[in-house]
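A.B. asks: Handing you a structure now.
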Amino acid sequence: MAVDWDQIRRDFFPALNSHTYIMAASASPMNFKAYEGGLHYLKTMLEHGDMYYEKFKEDVDLNREIIARYINAKPEEIAFLPNVSSCMNVVARILEKGEFIYPSIEFPASVHIFKKLGFPGIKITHTNNKFLLNNISEAKSINTKILIHSHVQSLTGFRQDLGKLGIFCQKNHIISIINTTQSFGAFEIDVKEDNIDIMVSNTLKWVGCGYGAGILYINQKFFKEKEIPFTGWLSVNDPFSMDNDNVKVINYPRYMDTFGGCPNYGALLALKGSFDLIKEQIGGGNIKKGISSIQARIISLTDSFIEKIKDFNVTIITPLEKEFRSGIITLEHEKADKIYDFLVKNNIYVTLKRYPNATKNTLLRFSFNYYNNENDIEKVISAFKKFEF
């Protein structure tokens, strides 16, 4: 049965009644299922205190299983942390120091801690805003041990072919770290098929459940000869024995949840609500089908937007080939600031950006999620027709 996207929009995204919102790459509006999940936690704590701790934990683990099915991982290989920066801080302390390569416009959270800790880094240059395998091969040296790469680049929307990238890393014995912040919940990801060793994401962007939840997947092979580099009271067997001599950490990523301490249940239960929406209302009970439908929906919307925006005096810096496209379409124009202000006056919200190290905003990032529709696109086109480029 085809997904009724208009009904999904009406039933679960009330913010869209008030705004033309095309900025999922910054943050999606919270959907009603996420709101219900977080509110249920708050209401339960308000009315009953901590009596239902075990039920909260059970629901978080159920969601861990759904996410594991989505990315083709084992549930115990997935940890919940506050955000991408915290995930990367963990990863950098698990790996031995070595040379890493990364796209020249990679989002700072991906690489900041590696640079801070003294990992030598080499930038990968692009070809027309595409980081192709030959670009990556040219950056690699005999000392390269790690590749850090966003599945989708935040600035340009370039979507990397994870399958080909995984084969490259495997052949060259390079650890593959993929930041899926701009694709998680919107595009298909298979950590085993794509040879992804480590995957990180937040859930603020395309999943739409608000701040406070990050996803960390680490292939269990990394813990055959080393231990998790930190501990908390919930990282051990039988934590409620309160044995302060027991520091033997259970050596699976899931025991890194919230650094081994008490979880942020409000954020994690909101996350569960979002994945319930994807799995049930969009996927008909199948999370992979839900993600596949969302991916097709987003590509269809960007097809329409690109076709209609070509008539205007703007430069599309996003690669247009479908194999490299995501939900992000970035336009360049010297009057980007004024265009942005004009869109806001027309109640249309996108993201104003600039190139790294630039002093002037020249970029407008439109980011379409599954809740957007053709009417949103038409409102942009109508505003552009009124603006004096």
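The way I read the labels, and the way they are meant: chains A, B, ... in the order of the structure tokens, residue 1 as the first residue of every chain, and ligand 1 as the first ligand shown, with later ones counted on from there.
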Would you list the contacts of stretch 353-369 of chain A as JSON, numbers by chain, taking every protein, DNA or RNA residue within 7 Å and counting only C-alpha atoms, but skipping same-chain residues closer than 2 positions in sequence?
C.D. replies: {"A": [22, 23, 24, 25, 206, 298, 327, 328, 329, 330, 331, 332, 333, 334, 335, 336, 337, 350, 351, 371, 372]}
A.B. asks: Per residue of stretch 170-214 of chain A within 10 Å of stretch 31-53 of chain A, note the shortest atom pair and the distance in Å to one decimal, counting only C-alpha atoms, and order the rows by chain and increasing residue number, as a tab-separated table.
C.D. replies:
```
residue	atom	partner	partner_atom	distance
A:Val207	CA	A:Asn31	CA	8.8
A:Gly208	CA	A:Asn31	CA	6.3
A:Cys209	CA	A:Ala34	CA	5.3
A:Gly210	CA	A:Ala34	CA	8.3
```
A.B. asks: Go ahead and write the residues just picked, N, CA, C and O atoms, as a PDB file, in the first residue's frame.
C.D. replies:
```pdb
ATOM      1  N   VAL A 207      15.540  12.368  11.767  1.00  0.00           N
ATOM      2  CA  VAL A 207      14.632  11.547  12.567  1.00  0.00           C
ATOM      3  C   VAL A 207      13.588  12.420  13.254  1.00  0.00           C
ATOM      4  O   VAL A 207      12.455  12.008  13.454  1.00  0.00           O
ATOM      5  N   GLY A 208      13.985  13.624  13.629  1.00  0.00           N
ATOM      6  CA  GLY A 208      13.020  14.602  14.134  1.00  0.00           C
ATOM      7  C   GLY A 208      12.490  14.317  15.519  1.00  0.00           C
ATOM      8  O   GLY A 208      11.275  14.326  15.731  1.00  0.00           O
ATOM      9  N   CYS A 209      13.401  14.109  16.477  1.00  0.00           N
ATOM     10  CA  CYS A 209      12.917  13.859  17.839  1.00  0.00           C
ATOM     11  C   CYS A 209      13.563  14.804  18.849  1.00  0.00           C
ATOM     12  O   CYS A 209      13.533  14.537  20.048  1.00  0.00           O
ATOM     13  N   GLY A 210      14.145  15.884  18.381  1.00  0.00           N
ATOM     14  CA  GLY A 210      14.699  16.872  19.289  1.00  0.00           C
ATOM     15  C   GLY A 210      16.126  16.556  19.721  1.00  0.00           C
ATOM     16  O   GLY A 210      16.743  15.588  19.276  1.00  0.00           O
TER      17      GLY A 210
END
```
A.B. asks: Would you mind reading off the distance between atom CA of A:Asn346 and atom CA of A:Ser28, one decimal, in Å?
C.D. replies: 19.3 Å
A.B. asks: Find the distance between atom CA of A:Ile146 and atom CA of A:Ile177 and write it in Å to one decimal.
C.D. replies: 7.4 Å
A.B. asks: Kindly indicate which residue among A:Val247, A:His112, A:Ser183, A:Asp190 lies nearest to A:Gly166, using only C-alpha atoms for the distances.
C.D. replies: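 Checking each candidate against A:Gly166, we get A:Asp190 as the closest.
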A.B. asks: Counting only C-alpha atoms, figure out which residue out of A:Ile167, A:Val60, A:Ile105, A:Val90 gets nearest to A:Met256.
C.D. replies: A:Val90
A.B. asks: If we count only C-alpha atoms and set the cut-off at 6 Å, which residues sit around stretch 64-71 of chain A, ignoring sequence neighbours fewer than 3 positions away in its own chain? Please answer as a PyMOL selection string.
C.D. replies: chain A and resi 61+74-75+189-191+288
A.B. asks: May I have all residues of stretch 113-330 of chain A that DSSP, computed from the backbone, assigns to alpha helix (DSSP H), given as number ranges by chain?
C.D. replies: A: 113-116, 133-139, 162-171, 265-276, 287-309
A.B. asks: What does the distance between atom CA of A:Thr156 and atom CA of A:Pro319 come to in Å, to one decimal place?
C.D. replies: 7.8 Å
